[in-house]
2 protein chains.
Amino acid sequence: MEDSIANLIDTYHELNAAVVEELDEEPSPLGFMRYVARNQPFVVRRAAKHWTAVRKWNADYLSRTMEDEAVKVVVTPRGNADAVVEQGDGSQAFVEPHETFEPFKRFLEDVRSSSQMFGKAGSNVKYAQTQNDNLRNEYETLYAGVPKDIPFARIALGAGADAINLWLGDDRSVTSLHKDNYENIYVQIRGQKHFVLLPPVEMPCINEQLLPKGRYVPCETTGDLEVQLDDEAEPVPVALWDPDMPDKLTTPYSYLAKPLRVTLREGDMLYLPSLWYHKVSQSVGDEGFVCAVNYWYDMDFSGHFWASNNFVRDVVNSEKMKPAYPELETDGQT
Amino acid sequence: MEDSIANLIDTYHELNAAVVEELDEEPSPLGFMRYVARNQPFVVRRAAKHWTAVRKWNADYLSRTMEDEAVKVVVTPRGNADAVVEQGDGSQAFVEPHETFEPFKRFLEDVRSSSQMFGKAGSNVKYAQTQNDNLRNEYETLYAGVPKDIPFARIALGAGADAINLWLGDDRSVTSLHKDNYENIYVQIRGQKHFVLLPPVEMPCINEQLLPKGRYVPCETTGDLEVQLDDEAEPVPVALWDPDMPDKLTTPYSYLAKPLRVTLREGDMLYLPSLWYHKVSQSVGDEGFVCAVNYWYDMDFSGHFWASNNFVRDVVNSEKMKPAYPELETDGQT
Ligand SMILES: O=C(O)CCC(=O)C(=O)O
Ligand SMILES: O=C(O)CCC(=O)C(=O)O
């Protein structure tokens, strides 16, 4: 069985170059559908260069537009929202960030003065990253700065975006390796994002484990963020392997992974296909913050794609459950 | 592991209705690409009703056009070209048909007078079914009767047809369950074809076995067709399960299969996606023969589809190789 899994990953790599293709311009709907069919990412450099957002969203413009509107902000000690945190006893938990609401202007000032560039690396890290269609809600006053939809994607997929999200933070936030059930069009507005991408067939490489869930909560006396485990919550499957520390927390398959790396600069557009694992870090630009907008389109669960990915996961998990064979049997134990 | 395989097939069926969708008209290239992406078949009734072939190809027209041109014909005792044949000793072989060249007019007359309708069921069965682009070669004089390409497929897939094949025979020929590495647009010209279709994830149901290869050869004295095994040839993987005899030669998964059935009548067009298993039988129309034309387009081996299907086959085969576990171990054997 181990051989079958290794074979799957190798076959995939024989048939697919481990690079993010660069297109000269946005694809046609049909052209896009071909990438969706292959579940293959691409980047279009400067595709959004004419967007109002790309031309105008500096700190001053954003502050004047959003003023003191309350926005949801997640807060973590090290930029680690939705990430694995080692507990005092050495065990691991999947920890969600502390959430607050802040007046936009203050939040933005905080972000700008706290990036690594400005040397305040000791403070808590704030990130506006609510993935709940926030650009058509909390940030509605900014929504006019981006297209209402990505035409090639809407036409190809036959439906508008399910969510349009704004991401705003400093260079200390890192989104850890995970996947989403969405076709994702990701556009860089300010600063840079550094994506590490793994295709869905590399599921056996990422060391998925069920971890208890926790949340950062400010300590009542010191105000410091501390992990509070949620004993009621179901454990959640989390990727433990980190493509940036490829020799740690490996599975027998991690060495077969061929992570794709791509940096988005201002105005660049990435198609991040459904179920691809992605880890995202960032660099601030001249304005001292990082901002991006993404469009999530429903993925197609029909056909073979979802079922096949489920199968890989099933085989990997049943492999893990199995006692080693046949060595274990030589002394008659089961 | 057995559970994972059953789960794969069940999940697929939960997400995909086991019916061939009927479209009112030919899809646009984008619409077609969505079916290709999902690897999902459809039929367009009467899509080809205006084709010269559908309007004009009766026995008289074909004979006048092709006259005595030599065409390749396969000959079998029971309409079983490329099929499993049980040998005298009870073993099975994958047997290819005898091949001859015949003047077209005589071949067509033979076909017309030998269909079940005309009661000559005892004679050998002839079928013109060379899948080698014969319509642009042997049958070139007929080629003008069909479109040079299927526009929606050519535009969607970004390439012309790799092969255009003519199929001509009587109602005793049955094409046994197999799959092709092609996107297939299949158009019925005369008579009917009865397709039984299985999606690629049902590979575990079809009881694929490696069989020795043979060929029908006329006996030097009697002229009767006899199987001659080819001891040099590599054994070939063949589906032993027949969806029309679902309780025979089963695997533990055969009962999970949900075969799709569709009959094509004159002018109907079927999209038969790559790697779908298909078994095809036929009925003659008023003209006493069955004729179809199909367009084979290269499938896309990149993306996850090919690799995933390979993986399913690998898991199924390594499952078969494994000794039963753990029962086998209780007495210390391996
Ligand atoms: O920009 C980020 O920090 C993460 C983006 C992401 O995970 C997504 O777009 O799904
Ligand atoms: O028409 C037939 O007999 C078989 C057709 C077939 O196998 C194909 O089109 O690939």
# chains A, B, ... in the order shown; residues from 1 in each chain; ligands from 1

$ select_by_dssp --residues "range 103-327 of chain B" --states "alpha helix (DSSP H)" --output "JSON, numbers by chain"
{"B": [104, 105, 106, 107, 108, 109, 110, 111, 112, 113, 114, 140, 141, 142, 143, 151, 152, 153, 154, 155, 156, 157, 305, 306, 307, 308, 309, 310, 311, 312, 313, 314, 315, 316, 317, 318, 319, 320, 321]}

$ residues_near_ligand --ligand "ligand 1" --cutoff "7 Å" --atoms "only C-alpha atoms and all ligand atoms" --output "list of chain:residue names"
A:Trp167, A:Val174, A:Thr175, A:Asp180, A:Asn184, A:Tyr186, A:Lys193, A:His278, A:Val280, A:Ser281, A:Ala292, A:Asn294

$ write_last_selection --atoms "all heavy atoms" --output "CSV table (one decimal), in the first residue's frame"
chain,number,residue,atom,x,y,z
A,167,TRP,N,-8.0,41.0,3.2
A,167,TRP,CA,-7.0,40.6,4.2
A,167,TRP,C,-6.0,41.7,4.4
A,167,TRP,O,-5.5,42.3,3.5
A,167,TRP,CB,-6.1,39.4,3.6
A,167,TRP,CG,-7.0,38.2,3.1
A,167,TRP,CD1,-7.7,38.2,2.0
A,167,TRP,CD2,-7.1,37.0,3.7
A,167,TRP,NE1,-8.3,36.9,1.9
A,167,TRP,CE2,-7.9,36.2,2.9
A,167,TRP,CE3,-6.6,36.4,4.9
A,167,TRP,CZ2,-8.3,34.9,3.2
A,167,TRP,CZ3,-6.9,35.1,5.2
A,167,TRP,CH2,-7.7,34.3,4.4
A,174,VAL,N,1.5,34.8,9.6
A,174,VAL,CA,1.7,33.6,8.7
A,174,VAL,C,0.4,32.8,8.8
A,174,VAL,O,-0.1,32.4,9.8
A,174,VAL,CB,2.9,32.8,9.1
A,174,VAL,CG1,3.0,31.6,8.2
A,174,VAL,CG2,4.2,33.6,9.1
A,175,THR,N,-0.2,32.5,7.6
A,175,THR,CA,-1.3,31.6,7.6
A,175,THR,C,-0.8,30.2,7.4
A,175,THR,O,-0.1,29.9,6.4
A,175,THR,CB,-2.3,32.0,6.4
A,175,THR,OG1,-2.7,33.3,6.7
A,175,THR,CG2,-3.5,31.1,6.3
A,180,ASP,N,-8.8,24.8,1.3
A,180,ASP,CA,-10.2,25.2,1.3
A,180,ASP,C,-11.0,24.6,0.2
A,180,ASP,O,-10.5,24.2,-0.8
A,180,ASP,CB,-10.3,26.7,1.1
A,180,ASP,CG,-9.5,27.5,2.2
A,180,ASP,OD1,-9.8,27.4,3.4
A,180,ASP,OD2,-8.5,28.2,1.8
A,184,ASN,N,-10.2,29.7,-5.8
A,184,ASN,CA,-9.8,30.9,-5.1
A,184,ASN,C,-9.1,31.8,-6.1
A,184,ASN,O,-8.1,31.4,-6.7
A,184,ASN,CB,-8.9,30.6,-4.0
A,184,ASN,CG,-8.6,31.7,-3.0
A,184,ASN,OD1,-8.7,32.9,-3.4
A,184,ASN,ND2,-8.0,31.4,-1.9
A,186,TYR,N,-7.0,35.1,-6.0
A,186,TYR,CA,-6.4,35.9,-5.0
A,186,TYR,C,-5.6,37.1,-5.6
A,186,TYR,O,-4.7,36.8,-6.5
A,186,TYR,CB,-5.4,35.0,-4.2
A,186,TYR,CG,-5.0,35.5,-2.9
A,186,TYR,CD1,-5.6,35.1,-1.7
A,186,TYR,CD2,-4.0,36.5,-2.8
A,186,TYR,CE1,-5.2,35.6,-0.4
A,186,TYR,CE2,-3.6,37.0,-1.6
A,186,TYR,CZ,-4.2,36.6,-0.4
A,186,TYR,OH,-3.8,37.1,0.8
A,193,LYS,N,2.7,38.8,-0.9
A,193,LYS,CA,2.4,37.5,-0.2
A,193,LYS,C,3.3,36.4,-0.8
A,193,LYS,O,3.5,36.3,-2.0
A,193,LYS,CB,0.9,37.1,-0.5
A,193,LYS,CG,0.0,38.1,0.2
A,193,LYS,CD,-0.5,37.5,1.5
A,193,LYS,CE,-1.5,38.5,2.1
A,193,LYS,NZ,-2.2,38.1,3.3
A,278,HIS,N,-2.1,25.4,1.1
A,278,HIS,CA,-1.3,26.6,1.0
A,278,HIS,C,-0.9,27.2,2.3
A,278,HIS,O,-1.6,27.1,3.3
A,278,HIS,CB,-2.1,27.7,0.2
A,278,HIS,CG,-3.5,27.9,0.6
A,278,HIS,ND1,-4.5,27.0,0.4
A,278,HIS,CD2,-4.1,29.0,1.2
A,278,HIS,CE1,-5.7,27.4,0.9
A,278,HIS,NE2,-5.5,28.7,1.4
A,280,VAL,N,0.9,30.8,3.7
A,280,VAL,CA,1.1,32.1,3.2
A,280,VAL,C,1.8,33.0,4.2
A,280,VAL,O,1.3,33.1,5.4
A,280,VAL,CB,-0.3,32.7,2.8
A,280,VAL,CG1,-0.1,34.0,2.0
A,280,VAL,CG2,-1.2,31.7,2.1
A,281,SER,N,2.9,33.6,3.8
A,281,SER,CA,3.5,34.6,4.6
A,281,SER,C,3.6,35.9,3.8
A,281,SER,O,3.2,36.0,2.6
A,281,SER,CB,4.9,34.2,5.0
A,281,SER,OG,5.7,33.8,3.9
A,292,ALA,N,-4.7,42.3,0.7
A,292,ALA,CA,-5.1,41.5,-0.5
A,292,ALA,C,-6.6,41.3,-0.5
A,292,ALA,O,-7.2,41.6,0.5
A,292,ALA,CB,-4.4,40.1,-0.4
A,294,ASN,N,-9.5,38.4,-1.9
A,294,ASN,CA,-9.7,37.2,-2.7
A,294,ASN,C,-11.2,36.9,-2.9
A,294,ASN,O,-12.1,37.4,-2.2
A,294,ASN,CB,-8.9,36.0,-2.2
A,294,ASN,CG,-9.6,35.5,-0.9
A,294,ASN,OD1,-10.3,36.2,-0.2
A,294,ASN,ND2,-9.3,34.2,-0.6

$ interface_residues --of "chain A" --to "chain B" --cutoff "7 Å" --atoms "only C-alpha atoms" --output "ChimeraX atom specification"
/A:1,4,8,11-12,15-16,30,33,37-40,156,301-304,307-308,311,314-315,318,329

$ calpha_fit_and_write --fixed "chain A" --moving "chain B" --output "tab-separated table (two decimals) with C-alpha atoms, in the first residue's frame"
chain	number	residue	atom	x	y	z
B	1	MET	CA	0.01	0.04	0.00
B	2	GLU	CA	2.88	2.36	0.85
B	3	ASP	CA	4.09	1.81	-2.68
B	4	SER	CA	0.69	2.75	-4.10
B	5	ILE	CA	0.73	6.02	-2.21
B	6	ALA	CA	4.27	6.86	-3.28
B	7	ASN	CA	3.33	5.87	-6.80
B	8	LEU	CA	0.37	8.24	-6.80
B	9	ILE	CA	2.55	11.19	-5.85
B	10	ASP	CA	5.28	10.25	-8.32
B	11	THR	CA	2.82	9.72	-11.17
B	12	TYR	CA	1.27	13.08	-10.47
B	13	HIS	CA	4.67	14.75	-10.65
B	14	GLU	CA	5.60	12.96	-13.85
B	15	LEU	CA	2.51	14.45	-15.47
B	16	ASN	CA	2.53	17.92	-13.86
B	17	ALA	CA	5.41	20.38	-13.71
B	18	ALA	CA	5.95	21.66	-10.17
B	19	VAL	CA	5.82	25.33	-11.15
B	20	VAL	CA	3.08	27.92	-11.12
B	21	GLU	CA	2.40	28.80	-14.73
B	22	GLU	CA	2.56	32.51	-15.59
B	23	LEU	CA	-0.06	33.78	-18.04
B	24	ASP	CA	0.39	36.98	-20.04
B	25	GLU	CA	-3.19	38.02	-19.46
B	26	GLU	CA	-6.36	36.86	-17.76
B	27	PRO	CA	-7.65	33.68	-19.39
B	28	SER	CA	-10.96	33.47	-21.24
B	29	PRO	CA	-13.74	31.64	-19.39
B	30	LEU	CA	-12.96	28.54	-21.46
B	31	GLY	CA	-9.24	28.92	-20.84
B	32	PHE	CA	-9.95	29.23	-17.11
B	33	MET	CA	-12.19	26.17	-17.17
B	34	ARG	CA	-9.25	24.15	-18.53
B	35	TYR	CA	-7.21	25.11	-15.46
B	36	VAL	CA	-10.13	24.28	-13.18
B	37	ALA	CA	-10.52	20.92	-14.91
B	38	ARG	CA	-6.83	20.18	-14.33
B	39	ASN	CA	-6.98	21.75	-10.84
B	40	GLN	CA	-3.84	23.64	-11.82
B	41	PRO	CA	-2.77	27.05	-10.44
B	42	PHE	CA	-1.59	30.01	-12.48
B	43	VAL	CA	-0.56	33.58	-11.87
B	44	VAL	CA	-1.25	36.65	-14.01
B	45	ARG	CA	1.26	39.37	-13.20
B	46	ARG	CA	-0.19	42.88	-12.93
B	47	ALA	CA	-3.66	41.66	-13.96
B	48	ALA	CA	-5.24	44.04	-11.45
B	49	LYS	CA	-3.04	47.03	-12.10
B	50	HIS	CA	-6.00	49.17	-13.19
B	51	TRP	CA	-8.15	48.33	-10.18
B	52	THR	CA	-8.95	51.33	-8.01
B	53	ALA	CA	-7.75	49.32	-5.05
B	54	VAL	CA	-4.31	48.80	-6.56
B	55	ARG	CA	-4.04	52.41	-7.66
B	56	LYS	CA	-5.45	54.13	-4.60
B	57	TRP	CA	-5.46	52.06	-1.43
B	58	ASN	CA	-2.68	53.71	0.54
B	59	ALA	CA	-2.92	54.21	4.31
B	60	ASP	CA	-4.33	57.69	3.94
B	61	TYR	CA	-7.05	56.66	1.48
B	62	LEU	CA	-8.12	53.66	3.55
B	63	SER	CA	-8.28	55.71	6.75
B	64	ARG	CA	-10.29	58.45	5.13
B	65	THR	CA	-12.72	55.95	3.63
B	66	MET	CA	-13.20	53.60	6.55
B	67	GLU	CA	-12.67	56.14	9.32
B	68	ASP	CA	-13.66	54.75	12.69
B	69	GLU	CA	-15.87	51.94	11.50
B	70	ALA	CA	-15.52	48.91	13.73
B	71	VAL	CA	-13.79	45.97	12.06
B	72	LYS	CA	-13.11	42.50	13.35
B	73	VAL	CA	-9.44	41.88	14.08
B	74	VAL	CA	-7.75	38.69	15.19
B	75	VAL	CA	-4.94	38.93	17.68
B	76	THR	CA	-2.16	36.42	18.34
B	77	PRO	CA	1.20	36.61	20.11
B	78	ARG	CA	3.26	35.63	17.04
B	79	GLY	CA	1.09	36.10	13.94
B	80	ASN	CA	-0.14	32.52	14.33
B	81	ALA	CA	-3.88	32.59	13.77
B	82	ASP	CA	-5.39	29.10	13.24
B	83	ALA	CA	-2.11	27.38	13.90
B	84	VAL	CA	-0.56	24.57	15.89
B	85	VAL	CA	0.74	25.67	19.28
B	86	GLU	CA	2.81	23.51	21.57
B	87	GLN	CA	1.43	23.39	25.10
B	88	GLY	CA	3.40	23.51	28.31
B	89	ASP	CA	3.27	19.72	28.58
B	90	GLY	CA	4.71	19.30	25.07
B	91	SER	CA	1.35	18.32	23.53
B	92	GLN	CA	-0.04	20.18	20.56
B	93	ALA	CA	-3.29	22.01	19.95
B	94	PHE	CA	-4.91	23.81	17.07
B	95	VAL	CA	-5.37	27.31	18.38
B	96	GLU	CA	-7.72	29.96	17.05
B	97	PRO	CA	-6.91	33.62	17.52
B	98	HIS	CA	-8.42	36.05	19.97
B	99	GLU	CA	-11.02	38.23	18.23
B	100	THR	CA	-11.80	41.88	18.91
B	101	PHE	CA	-13.49	44.76	17.20
B	102	GLU	CA	-11.46	47.91	16.65
B	103	PRO	CA	-12.05	51.24	14.94
B	104	PHE	CA	-10.44	50.82	11.54
B	105	LYS	CA	-8.09	53.81	11.74
B	106	ARG	CA	-6.57	52.68	15.02
B	107	PHE	CA	-6.20	49.13	13.74
B	108	LEU	CA	-4.40	50.31	10.60
B	109	GLU	CA	-2.07	52.56	12.57
B	110	ASP	CA	-1.27	49.64	14.86
B	111	VAL	CA	-0.49	47.41	11.92
B	112	ARG	CA	1.70	50.02	10.25
B	113	SER	CA	3.72	50.75	13.34
B	114	SER	CA	4.15	47.13	14.35
B	115	SER	CA	5.59	45.45	11.29
B	116	GLN	CA	9.11	44.05	11.58
B	117	MET	CA	10.29	47.11	9.65
B	118	PHE	CA	9.40	49.30	12.57
B	119	GLY	CA	10.98	47.07	15.12
B	120	LYS	CA	7.97	46.49	17.37
B	121	ALA	CA	8.22	42.73	16.99
B	122	GLY	CA	7.45	42.16	20.66
B	123	SER	CA	3.81	43.26	20.52
B	124	ASN	CA	0.80	41.13	19.73
B	125	VAL	CA	0.08	40.66	16.04
B	126	LYS	CA	-3.18	41.89	14.53
B	127	TYR	CA	-4.66	40.62	11.28
B	128	ALA	CA	-7.97	41.44	9.61
B	129	GLN	CA	-8.73	38.09	8.01
B	130	THR	CA	-12.38	37.24	8.59
B	131	GLN	CA	-13.16	34.96	5.71
B	132	ASN	CA	-16.85	35.74	5.74
B	133	ASP	CA	-17.39	37.93	2.69
B	134	ASN	CA	-16.16	40.90	4.73
B	135	LEU	CA	-15.58	43.11	1.69
B	136	ARG	CA	-19.31	43.12	0.99
B	137	ASN	CA	-20.10	43.71	4.67
B	138	GLU	CA	-17.67	45.26	7.15
B	139	TYR	CA	-15.59	46.83	4.39
B	140	GLU	CA	-18.49	47.74	2.12
B	141	THR	CA	-17.26	51.31	1.73
B	142	LEU	CA	-14.13	49.91	0.05
B	143	TYR	CA	-15.95	47.40	-2.14
B	144	ALA	CA	-16.25	49.85	-5.06
B	145	GLY	CA	-12.46	49.70	-5.40
B	146	VAL	CA	-12.49	46.13	-6.76
B	147	PRO	CA	-14.57	44.46	-9.48
B	148	LYS	CA	-17.84	42.97	-8.26
B	149	ASP	CA	-16.68	39.64	-9.63
B	150	ILE	CA	-13.88	38.12	-11.71
B	151	PRO	CA	-15.66	37.85	-15.08
B	152	PHE	CA	-13.70	34.88	-16.46
B	153	ALA	CA	-14.37	32.91	-13.26
B	154	ARG	CA	-18.03	33.87	-12.96
B	155	ILE	CA	-18.73	32.90	-16.58
B	156	ALA	CA	-16.70	29.68	-16.44
B	157	LEU	CA	-18.16	28.47	-13.17
B	158	GLY	CA	-21.65	29.72	-13.92
B	159	ALA	CA	-22.04	31.54	-10.60
B	160	GLY	CA	-20.87	34.66	-8.82
B	161	ALA	CA	-18.36	34.65	-5.98
B	162	ASP	CA	-19.54	33.02	-2.79
B	163	ALA	CA	-17.37	35.33	-0.69
B	164	ILE	CA	-15.09	38.31	-1.33
B	165	ASN	CA	-12.58	38.75	1.45
B	166	LEU	CA	-10.20	41.50	2.39
B	167	TRP	CA	-6.95	40.58	4.18
B	168	LEU	CA	-5.04	43.31	5.98
B	169	GLY	CA	-2.10	42.89	8.33
B	170	ASP	CA	1.60	43.21	8.90
B	171	ASP	CA	4.54	41.03	7.94
B	172	ARG	CA	4.51	38.95	11.10
B	173	SER	CA	1.32	37.04	10.25
B	174	VAL	CA	1.70	33.63	8.69
B	175	THR	CA	-1.27	31.58	7.55
B	176	SER	CA	-0.33	27.98	8.21
B	177	LEU	CA	-0.69	25.14	5.74
B	178	HIS	CA	-4.33	24.31	5.12
B	179	LYS	CA	-6.79	23.79	2.28
B	180	ASP	CA	-10.20	25.25	1.35
B	181	ASN	CA	-13.18	23.86	-0.53
B	182	TYR	CA	-13.14	26.82	-2.89
B	183	GLU	CA	-11.78	27.93	-6.23
B	184	ASN	CA	-9.80	30.96	-5.12
B	185	ILE	CA	-8.83	34.05	-7.14
B	186	TYR	CA	-6.34	35.91	-4.97
B	187	VAL	CA	-5.24	39.46	-5.81
B	188	GLN	CA	-2.43	41.36	-4.15
B	189	ILE	CA	-3.18	45.01	-3.40
B	190	ARG	CA	-0.32	46.24	-1.16
B	191	GLY	CA	2.93	44.56	-0.11
B	192	GLN	CA	3.69	40.98	-1.06
B	193	LYS	CA	2.43	37.50	-0.25
B	194	HIS	CA	4.64	34.45	-0.40
B	195	PHE	CA	2.63	31.33	-1.20
B	196	VAL	CA	3.81	27.77	-0.77
B	197	LEU	CA	1.44	25.46	-2.64
B	198	LEU	CA	0.96	21.68	-2.51
B	199	PRO	CA	-1.43	19.78	-4.78
B	200	PRO	CA	-4.21	17.71	-3.14
B	201	VAL	CA	-2.47	14.41	-3.96
B	202	GLU	CA	0.26	15.41	-1.52
B	203	MET	CA	-2.13	14.89	1.38
B	204	PRO	CA	0.00	11.89	2.47
B	205	CYS	CA	3.00	14.26	2.87
B	206	ILE	CA	1.47	16.81	5.20
B	207	ASN	CA	1.11	14.68	8.32
B	208	GLU	CA	-2.52	15.37	9.08
B	209	GLN	CA	-3.34	14.73	12.73
B	210	LEU	CA	-6.40	15.25	14.88
B	211	LEU	CA	-5.60	17.91	17.47
B	212	PRO	CA	-7.63	19.34	20.34
B	213	LYS	CA	-8.97	22.81	19.71
B	214	GLY	CA	-8.06	25.89	21.67
B	215	ARG	CA	-8.28	29.67	21.51
B	216	TYR	CA	-6.10	32.57	22.58
B	217	VAL	CA	-7.74	34.42	25.46
B	218	PRO	CA	-6.31	37.50	27.22
B	219	CYS	CA	-5.29	36.76	30.78
B	220	GLU	CA	-7.58	38.63	33.18
B	221	THR	CA	-4.72	40.02	35.21
B	222	THR	CA	-1.81	40.56	32.76
B	223	GLY	CA	-3.78	40.87	29.52
B	224	ASP	CA	-1.28	38.48	27.86
B	225	LEU	CA	-2.75	36.01	25.38
B	226	GLU	CA	-2.94	32.49	26.76
B	227	VAL	CA	-4.19	29.30	25.17
B	228	GLN	CA	-7.49	28.04	26.53
B	229	LEU	CA	-8.32	24.51	25.40
B	230	ASP	CA	-11.90	23.78	24.45
B	231	ASP	CA	-12.63	20.40	25.99
B	232	GLU	CA	-16.09	20.24	24.42
B	233	ALA	CA	-14.92	20.70	20.83
B	234	GLU	CA	-14.29	17.84	18.44
B	235	PRO	CA	-10.62	17.43	17.59
B	236	VAL	CA	-9.76	18.95	14.20
B	237	PRO	CA	-7.54	17.56	11.42
B	238	VAL	CA	-4.44	19.73	11.06
B	239	ALA	CA	-1.32	19.55	8.85
B	240	LEU	CA	1.73	19.15	11.09
B	241	TRP	CA	4.37	19.08	8.35
B	242	ASP	CA	5.70	22.47	7.35
B	243	PRO	CA	7.20	22.70	3.85
B	244	ASP	CA	9.60	25.31	5.23
B	245	MET	CA	10.96	22.82	7.76
B	246	PRO	CA	10.88	19.77	5.54
B	247	ASP	CA	12.85	17.49	7.87
B	248	LYS	CA	10.65	17.97	10.90
B	249	LEU	CA	7.39	16.16	11.71
B	250	THR	CA	7.55	14.19	8.47
B	251	THR	CA	5.52	11.26	7.21
B	252	PRO	CA	7.13	8.51	5.09
B	253	TYR	CA	5.90	10.52	2.07
B	254	SER	CA	6.91	14.07	2.96
B	255	TYR	CA	10.15	13.80	1.02
B	256	LEU	CA	8.11	13.21	-2.17
B	257	ALA	CA	6.38	16.59	-1.95
B	258	LYS	CA	7.36	19.25	-4.47
B	259	PRO	CA	6.08	22.50	-3.00
B	260	LEU	CA	5.40	25.27	-5.53
B	261	ARG	CA	6.44	28.75	-4.47
B	262	VAL	CA	5.15	32.00	-5.84
B	263	THR	CA	5.34	35.58	-4.58
B	264	LEU	CA	2.52	37.96	-5.45
B	265	ARG	CA	3.39	41.61	-5.85
B	266	GLU	CA	1.01	44.53	-6.10
B	267	GLY	CA	-1.57	43.89	-8.84
B	268	ASP	CA	-0.71	40.20	-9.33
B	269	MET	CA	-3.52	37.63	-9.49
B	270	LEU	CA	-3.25	33.98	-8.47
B	271	TYR	CA	-5.64	31.15	-9.23
B	272	LEU	CA	-5.37	28.86	-6.23
B	273	PRO	CA	-7.37	25.74	-7.10
B	274	SER	CA	-9.72	24.01	-4.69
B	275	LEU	CA	-8.21	21.64	-2.14
B	276	TRP	CA	-4.61	22.78	-2.73
B	277	TYR	CA	-2.69	23.14	0.50
B	278	HIS	CA	-1.30	26.62	0.97
B	279	LYS	CA	0.92	28.34	3.49
B	280	VAL	CA	1.11	32.12	3.19
B	281	SER	CA	3.57	34.63	4.61
B	282	GLN	CA	3.92	38.29	3.74
B	283	SER	CA	6.09	41.38	3.34
B	284	VAL	CA	4.92	44.95	3.77
B	285	GLY	CA	5.41	47.53	1.03
B	286	ASP	CA	6.15	51.26	1.31
B	287	GLU	CA	2.87	51.87	3.07
B	288	GLY	CA	3.85	49.60	5.95
B	289	PHE	CA	0.99	47.11	5.61
B	290	VAL	CA	-0.05	44.14	3.51
B	291	CYS	CA	-3.43	44.00	1.81
B	292	ALA	CA	-5.04	41.49	-0.50
B	293	VAL	CA	-8.51	40.65	-1.77
B	294	ASN	CA	-9.71	37.23	-2.73
B	295	TYR	CA	-12.77	35.79	-4.45
B	296	TRP	CA	-14.00	32.39	-3.36
B	297	TYR	CA	-16.09	30.43	-5.86
B	298	ASP	CA	-17.90	27.24	-4.94
B	299	MET	CA	-16.00	24.17	-6.04
B	300	ASP	CA	-17.69	21.33	-7.89
B	301	PHE	CA	-18.13	18.32	-5.61
B	302	SER	CA	-19.50	16.16	-8.40
B	303	GLY	CA	-17.39	14.19	-10.83
B	304	HIS	CA	-14.50	12.18	-9.45
B	305	PHE	CA	-12.33	14.87	-7.85
B	306	TRP	CA	-13.82	15.11	-4.38
B	307	ALA	CA	-14.41	11.36	-4.16
B	308	SER	CA	-10.82	10.60	-5.28
B	309	ASN	CA	-9.31	12.96	-2.74
B	310	ASN	CA	-11.43	11.41	-0.01
B	311	PHE	CA	-10.15	8.03	-1.10
B	312	VAL	CA	-6.49	9.08	-0.79
B	313	ARG	CA	-7.15	10.37	2.70
B	314	ASP	CA	-9.03	7.19	3.61
B	315	VAL	CA	-6.22	4.95	2.40
B	316	VAL	CA	-3.60	7.02	4.22
B	317	ASN	CA	-5.59	6.94	7.44
B	318	SER	CA	-6.37	3.23	7.30
B	319	GLU	CA	-2.67	2.67	6.60
B	320	LYS	CA	-1.81	4.55	9.78
B	321	MET	CA	-4.27	2.48	11.84
B	322	LYS	CA	-2.85	-0.80	10.66
B	323	PRO	CA	-0.32	-2.67	12.79
B	324	ALA	CA	2.94	-3.21	10.94
B	325	TYR	CA	2.67	-6.34	8.88
B	326	PRO	CA	3.86	-9.07	8.79
B	327	GLU	CA	6.63	-8.53	11.35
B	328	LEU	CA	4.18	-7.98	14.16
B	329	GLU	CA	2.81	-11.47	13.77
B	330	THR	CA	5.93	-13.54	14.30
B	331	ASP	CA	5.43	-13.87	18.03
B	332	GLY	CA	1.73	-14.56	17.77
B	333	GLN	CA	0.43	-11.16	18.85
B	334	THR	CA	-2.12	-9.23	16.88

$ select_by_dssp --residues "range 46-115 of chain A" --states "strand (DSSP E)" --output "ChimeraX atom specification"
/A:70-76,83-86,92-96,98-103

$ write_last_selection --atoms "C-alpha atoms" --output "compact mmCIF listing (two decimals), in the first residue's frame"
# COMPACT_ATOMS: atom_id res chain seq x y z
CA ALA A 70 -15.48 48.89 13.75
CA VAL A 71 -13.76 45.96 12.08
CA LYS A 72 -13.09 42.50 13.36
CA VAL A 73 -9.43 41.87 14.09
CA VAL A 74 -7.75 38.69 15.19
CA VAL A 75 -4.92 38.93 17.68
CA THR A 76 -2.15 36.42 18.34
CA ALA A 83 -2.13 27.39 13.92
CA VAL A 84 -0.58 24.57 15.88
CA VAL A 85 0.73 25.68 19.28
CA GLU A 86 2.81 23.50 21.56
CA GLN A 92 -0.06 20.19 20.57
CA ALA A 93 -3.30 22.02 19.96
CA PHE A 94 -4.93 23.81 17.06
CA VAL A 95 -5.38 27.32 18.38
CA GLU A 96 -7.73 29.94 17.05
CA HIS A 98 -8.41 36.04 19.99
CA GLU A 99 -11.01 38.22 18.25
CA THR A 100 -11.78 41.86 18.91
CA PHE A 101 -13.46 44.75 17.19
CA GLU A 102 -11.43 47.90 16.65
CA PRO A 103 -12.01 51.23 14.96
